[in-house]
Amino acid sequence: MAEEIGIVDLLQLFGFDPKSRSKLVRHQDKRWDSQRILREGWLDVYQSFQARPVFDNLDYIISFVGIGGTRARLVGVYKILGRRTGNAGSFPEACPYPEWKDSAYFYELERQSGFEALEHRVVVEWGRGALAWHQYTTNKTVTEVLPKGHLLRLFTDYLDFTLTFQELRYLFVNQEANREWRARLSAVAGIYLILDTITGQQYVGSAYGSDGIWGRWASYAADGHGGNLLLRELVINDRAYPNAFRYSVLQVLPKTVVSAETLEWERLYKEKLGSRATGLNAN
């Protein structure tokens with residue numbers, strides 16, 4: 001049986017000092033989607049603002065995001081440079097989470113170089129104490145090392161996700177790293193929804209054929225509109241408009257289903273959601 005390797009063992013190979021004062025931090029907050037915050041580039045800001053002085057008397061924090069169950073994926077190693085009050089913290093104007101500024105404390109954190117080969121790839125088992133989101137560093141077991149380019153959450157179920165346009169494009173640019181998404185979405189036909197988050201209007205579509213949902217969504221990743229009339233008009237008028245779209249699956253169908261049956265399901269969902277009367281379906 002192969003000997004298990006721990007996170008401290010692995011980080012030490014890349015220059016981390018195991019004698020330093022440090023904590024392991026697992027971000028998984030019911031108030032905000034930590035994985036989305038990471039993908040949007042705001043996690044460093046998010047973890048700098050704290051309600052309590054949880055990072056006092058530390059040299060480093062080793063940051064993770066929860067990825068389901070009690071697993072966590074490494075984000076990076078950060079040096080703690082200092083602490084001040086939250087209202088004196090550095091908050092970017094573009095950050096869409098102004099409520100973070102109301103936190104009592106702000107920690108100045110500096111991401112440490114040298115660990116890039118491990119960031120977003122190393123997965124550890126957090127253990128039974130999953131609610132203890134910050135813990136003094138122990139040698140938690142490394143359970144998996146993901147391929148490079150793996151930033152999205154791990155695929156769990158067809159009906160428990162929504163994807164932004166940038167996330168959808170990321171899947172197709174980094175297919176090998178996200179091969180589980182490709183395999184699962186290619187394996188089924190189905191009915192999907194595109195939500196316009198600016199207007200609240202919806203587009204209902206169907207996917208069938210050899211590449212299933214994956215094959216149909218490839219066209220949206222390529223041009224933002226997939227050839228659909230009303231979506232195309234939005235994109236022609238504003239090339240950045242696809243950033244307002246959110247993609248999700250409404251119903252999964254076997255790929256063996258005939259196209260006529262898939263289209264009948266599509267028609268039914270259009271009626272249920274009113275996407276022809278008040279939405280983005282032109283027919």
# chains A, B, ... in the order shown; residues from 1 in each chain; ligands from 1
call {"tool": "select_by_dssp", "arguments": {"residues": "region 69-192 of chain A", "states": "strand (DSSP E or B)", "output": "PyMOL selection string"}}
result
chain A and resi 71-85+105-111+122-125+134-136+141-145+163-164+188-192
call {"tool": "residues_around", "arguments": {"residues": "Ser63 (chain A)", "least_positions_apart": "2", "cutoff": "7 Å", "atoms": "only C-alpha atoms", "output": "ChimeraX atom specification"}}
result
/A:24-26,61,74-77
call {"tool": "write_last_selection", "arguments": {"atoms": "C-alpha atoms", "output": "compact mmCIF listing (two decimals), in the first residue's frame"}}
result
# COMPACT_ATOMS: atom_id res chain seq x y z
CA LEU A 24 -5.00 25.98 7.41
CA VAL A 25 -8.04 27.94 6.20
CA ARG A 26 -10.97 26.36 4.37
CA ILE A 61 -2.18 31.07 6.31
CA LEU A 74 -5.45 24.54 -2.21
CA VAL A 75 -5.59 28.20 -3.23
CA GLY A 76 -2.21 29.39 -2.03
CA VAL A 77 0.13 30.26 0.82
call {"tool": "closest_residue", "arguments": {"among": "A:Ala244, A:Ala218, A:Leu253, A:Val204", "to": "Tyr269 (chain A)", "atoms": "only C-alpha atoms"}}
result
A:Val204
call {"tool": "atom_distance", "arguments": {"atom1": "CA of Glu4 (chain A)", "atom2": "CA of Thr141 (chain A)"}}
result
6.7 Å
call {"tool": "residues_around", "arguments": {"residues": "region 143-157 of chain A", "least_positions_apart": "6", "cutoff": "8 Å", "atoms": "only C-alpha atoms", "output": "list in words"}}
result
Gln35, Arg39, Ile67, His120, Arg121, Val122, Val123, Val124, Glu125, Glu167, Asn174, Glu176, Ala177, Asn178, Glu180 and Trp181 of chain A
call {"tool": "residues_around", "arguments": {"residues": "Trp42 (chain A)", "least_positions_apart": "6", "cutoff": "10 Å", "atoms": "only C-alpha atoms", "output": "number ranges by chain"}}
result
A: 34, 36, 92, 94-97
call {"tool": "residues_around", "arguments": {"residues": "Gly89 (chain A)", "least_positions_apart": "5", "cutoff": "8 Å", "atoms": "only C-alpha atoms", "output": "short mmCIF file (atom, residue, chain, number, x, y, z; two decimals) with N, CA and C atoms, in the first residue's frame"}}
result
data_model
loop_
_atom_site.label_atom_id
_atom_site.label_comp_id
_atom_site.auth_asym_id
_atom_site.auth_seq_id
_atom_site.Cartn_x
_atom_site.Cartn_y
_atom_site.Cartn_z
N PHE A 49 -10.67 40.39 4.99
CA PHE A 49 -11.62 40.99 5.93
C PHE A 49 -12.19 39.90 6.83
N ARG A 84 -5.17 45.72 10.61
CA ARG A 84 -5.75 47.01 11.00
C ARG A 84 -7.26 46.86 11.05
N LYS A 101 -16.63 45.22 3.72
CA LYS A 101 -15.97 46.36 4.36
C LYS A 101 -16.44 46.58 5.79
N TYR A 105 -12.03 43.53 11.16
CA TYR A 105 -10.58 43.46 10.99
C TYR A 105 -10.21 43.31 9.52
N PHE A 106 -9.05 43.85 9.19
CA PHE A 106 -8.48 43.68 7.86
C PHE A 106 -7.03 43.20 8.01
N TYR A 107 -6.72 42.09 7.35
CA TYR A 107 -5.35 41.56 7.35
C TYR A 107 -4.70 41.81 6.01
#
call {"tool": "closest_residue", "arguments": {"among": "A:Arg31, A:Arg52, A:Arg179, A:Arg246", "to": "Phe161 (chain A)", "atoms": "only C-alpha atoms"}}
result
A:Arg246
call {"tool": "closest_residue", "arguments": {"among": "A:Glu108, A:Asp33, A:Glu116, A:Asp44", "to": "Gly66 (chain A)", "atoms": "only C-alpha atoms"}}
result
A:Asp33
call {"tool": "closest_residue", "arguments": {"among": "A:Gly279, A:Gly224, A:Gly212, A:Gly190", "to": "Pro242 (chain A)", "atoms": "only C-alpha atoms"}}
result
A:Gly224
call {"tool": "residues_around", "arguments": {"residues": "Ala187 (chain A)", "least_positions_apart": "3", "cutoff": "10 Å", "atoms": "only C-alpha atoms", "output": "PyMOL selection string"}}
result
chain A and resi 181-184+208-214+252-255
call {"tool": "residues_around", "arguments": {"residues": "Ser113 (chain A)", "least_positions_apart": "4", "cutoff": "12 Å", "atoms": "only C-alpha atoms", "output": "VMD selection string"}}
result
chain A and resid 11 14 to 16 76 to 79 117 to 119
call {"tool": "write_last_selection", "arguments": {"atoms": "C-alpha atoms", "output": "PDB file, in the first residue's frame"}}
result
ATOM      1  CA  LEU A  11       4.475  22.235   0.781  1.00  0.00           C
ATOM      2  CA  PHE A  14       8.428  23.652  -2.365  1.00  0.00           C
ATOM      3  CA  GLY A  15      10.083  25.666   0.386  1.00  0.00           C
ATOM      4  CA  PHE A  16       7.479  26.030   3.142  1.00  0.00           C
ATOM      5  CA  GLY A  76      -2.209  29.392  -2.031  1.00  0.00           C
ATOM      6  CA  VAL A  77       0.130  30.261   0.819  1.00  0.00           C
ATOM      7  CA  TYR A  78      -0.134  33.807   2.200  1.00  0.00           C
ATOM      8  CA  LYS A  79       2.190  35.728   4.475  1.00  0.00           C
ATOM      9  CA  ALA A 117       2.561  24.199  -9.340  1.00  0.00           C
ATOM     10  CA  LEU A 118       0.300  23.199  -6.434  1.00  0.00           C
ATOM     11  CA  GLU A 119      -2.267  25.988  -6.453  1.00  0.00           C
TER      12      GLU A 119
END
call {"tool": "closest_residue", "arguments": {"among": "A:Arg216, A:Tyr158, A:Thr164, A:Ala282", "to": "Glu40 (chain A)", "atoms": "only C-alpha atoms"}}
result
A:Thr164
call {"tool": "atom_distance", "arguments": {"atom1": "CA of Gln50 (chain A)", "atom2": "CA of Trp100 (chain A)"}}
result
8.2 Å
call {"tool": "closest_residue", "arguments": {"among": "A:Tyr247, A:Trp217, A:Tyr203, A:Phe91", "to": "Ser186 (chain A)", "atoms": "only C-alpha atoms"}}
result
A:Trp217
call {"tool": "atom_distance", "arguments": {"atom1": "CA of Pro53 (chain A)", "atom2": "CA of Gly127 (chain A)"}}
result
23.9 Å
